[in-house]
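To start, the structure itself, in structure tokens.
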Amino acid sequence: MEEPLLYLLPAVEWGVSDVEGLGQSPREFKVLAAKVLSAALVATALLCLAMPGVEGSWCLFGAKAALFFAFFSEFVRGFLHFFWPYSSHLVFSGMADNINARHHRAELALIAMITHQFGAANLLLGSMYAEPLLFPNPHNSSLVFALGITLAVRVVQNYQM
């Protein structure tokens with residue numbers, strides 16, 4: 001008997017109806033990595049084209065470079081988790097196998113739902129990083145805000161793990 005939860009959360013990812021079979025081929029990892037990295041590189045290239053030139057000191061250049069790298073990193077995570085929530089745990093991390101959830105479709109669906117939400121948050125955070133780069137202000141307040149919030153969150157995150 002099918003679990004009622006699966007009617008609400010179908011275990012389907014971009015036309016793949018047998019998500020339990022994901023990650024069985026070594027080639028899948030390379031193909032998925034290429035998809036995710038190419039999507040993030042296209043987004044980063046668009047940011048480069050839209051971004052005004054960097055003017056100011058080396059410190060300002062370094063701060064903008066840090067935000068640029070953070071943008072790329074968040075978009076890599078965001079694209080993976082938002083568009084391929086099942087594959088991120090069945091192909092990339094192997095977490096679904098580590099917790100023995102591969103053959104439990106309801107567990108996979110719940111993990112994918114949470115992963116999808118984290119992907120949306122990653123894409124929004126990456127967009128927050130792009131804002132000071134696309135729309136600089138003379139006082140660099142949005143740049144300082146983005147770096148300050150990131151530092152605070154990453155320090156707490158580092159001590160929790």
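Here's how to read the names in the structure tokens: chain A, B, ... by the order shown, residue numbers from 1 in each chain, ligand numbers from 1 in the order shown.
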
All residues 12 Å or closer to A:Pro52, only C-alpha atoms, same chain fewer than 5 positions away omitted, as a PDB file with N, CA, C and O atoms, in the first residue's frame:
ATOM      1  N   LEU A  46      26.782  36.267 -15.899  1.00  0.00           N
ATOM      2  CA  LEU A  46      25.779  37.337 -16.022  1.00  0.00           C
ATOM      3  C   LEU A  46      26.014  38.420 -14.974  1.00  0.00           C
ATOM      4  O   LEU A  46      25.852  39.616 -15.261  1.00  0.00           O
ATOM      5  N   LEU A  47      26.403  38.019 -13.767  1.00  0.00           N
ATOM      6  CA  LEU A  47      26.722  38.995 -12.725  1.00  0.00           C
ATOM      7  C   LEU A  47      27.924  39.834 -13.153  1.00  0.00           C
ATOM      8  O   LEU A  47      27.934  41.055 -12.975  1.00  0.00           O
ATOM      9  N   LYS A  64      34.807  42.981  -2.269  1.00  0.00           N
ATOM     10  CA  LYS A  64      33.923  42.631  -3.381  1.00  0.00           C
ATOM     11  C   LYS A  64      34.272  41.253  -3.949  1.00  0.00           C
ATOM     12  O   LYS A  64      33.386  40.501  -4.349  1.00  0.00           O
ATOM     13  N   ALA A 130      24.808  39.451  -4.370  1.00  0.00           N
ATOM     14  CA  ALA A 130      24.947  40.163  -5.636  1.00  0.00           C
ATOM     15  C   ALA A 130      24.508  41.626  -5.530  1.00  0.00           C
ATOM     16  O   ALA A 130      24.994  42.470  -6.285  1.00  0.00           O
ATOM     17  N   GLU A 131      23.625  41.924  -4.612  1.00  0.00           N
ATOM     18  CA  GLU A 131      23.077  43.284  -4.514  1.00  0.00           C
ATOM     19  C   GLU A 131      24.152  44.357  -4.321  1.00  0.00           C
ATOM     20  O   GLU A 131      24.169  45.345  -5.057  1.00  0.00           O
ATOM     21  N   PRO A 132      25.090  44.221  -3.382  1.00  0.00           N
ATOM     22  CA  PRO A 132      26.115  45.266  -3.246  1.00  0.00           C
ATOM     23  C   PRO A 132      27.056  45.344  -4.456  1.00  0.00           C
ATOM     24  O   PRO A 132      27.658  46.382  -4.711  1.00  0.00           O
ATOM     25  N   LEU A 133      27.164  44.238  -5.192  1.00  0.00           N
ATOM     26  CA  LEU A 133      28.029  44.247  -6.368  1.00  0.00           C
ATOM     27  C   LEU A 133      27.347  44.913  -7.560  1.00  0.00           C
ATOM     28  O   LEU A 133      28.003  45.590  -8.349  1.00  0.00           O
ATOM     29  N   LEU A 134      26.053  44.741  -7.665  1.00  0.00           N
ATOM     30  CA  LEU A 134      25.312  45.316  -8.789  1.00  0.00           C
ATOM     31  C   LEU A 134      24.921  46.773  -8.554  1.00  0.00           C
ATOM     32  O   LEU A 134      24.870  47.563  -9.483  1.00  0.00           O
ATOM     33  N   PHE A 135      24.621  47.105  -7.301  1.00  0.00           N
ATOM     34  CA  PHE A 135      24.144  48.446  -6.968  1.00  0.00           C
ATOM     35  C   PHE A 135      24.996  49.054  -5.854  1.00  0.00           C
ATOM     36  O   PHE A 135      24.529  49.204  -4.720  1.00  0.00           O
ATOM     37  N   PRO A 136      26.238  49.389  -6.148  1.00  0.00           N
ATOM     38  CA  PRO A 136      27.102  49.932  -5.086  1.00  0.00           C
ATOM     39  C   PRO A 136      26.633  51.316  -4.649  1.00  0.00           C
ATOM     40  O   PRO A 136      26.090  52.083  -5.449  1.00  0.00           O
ATOM     41  N   ASN A 137      26.821  51.585  -3.365  1.00  0.00           N
ATOM     42  CA  ASN A 137      26.509  52.931  -2.881  1.00  0.00           C
ATOM     43  C   ASN A 137      27.814  53.589  -2.431  1.00  0.00           C
ATOM     44  O   ASN A 137      28.804  52.906  -2.180  1.00  0.00           O
TER      45      ASN A 137
END

Could you make a table, as JSON lines, of the residues of stretch 59-119 of chain A that have an atom within 10 Å of an atom of stretch 146-157 of chain A, each with its nearest atom pair and distance in Å to one decimal, counting only C-alpha atoms, in chain and number order?
{"residue": "A:Ala63", "atom": "CA", "partner": "A:Leu147", "partner_atom": "CA", "distance": 7.8}
{"residue": "A:Lys64", "atom": "CA", "partner": "A:Leu147", "partner_atom": "CA", "distance": 9.4}
{"residue": "A:Ala66", "atom": "CA", "partner": "A:Leu147", "partner_atom": "CA", "distance": 8.4}
{"residue": "A:Leu67", "atom": "CA", "partner": "A:Leu147", "partner_atom": "CA", "distance": 7.4}
{"residue": "A:Ala70", "atom": "CA", "partner": "A:Thr150", "partner_atom": "CA", "distance": 9.3}

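Checking A:Glu20, A:Ser87, A:Lys30, A:Phe92 one by one against A:His104, counting only C-alpha atoms, you find the shortest gap at A:Glu20.
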
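Considering only C-alpha atoms, the residue among A:Val76, A:Ala43, A:Ala96, A:Leu37 positioned nearest to A:Gly21 is A:Ala96.
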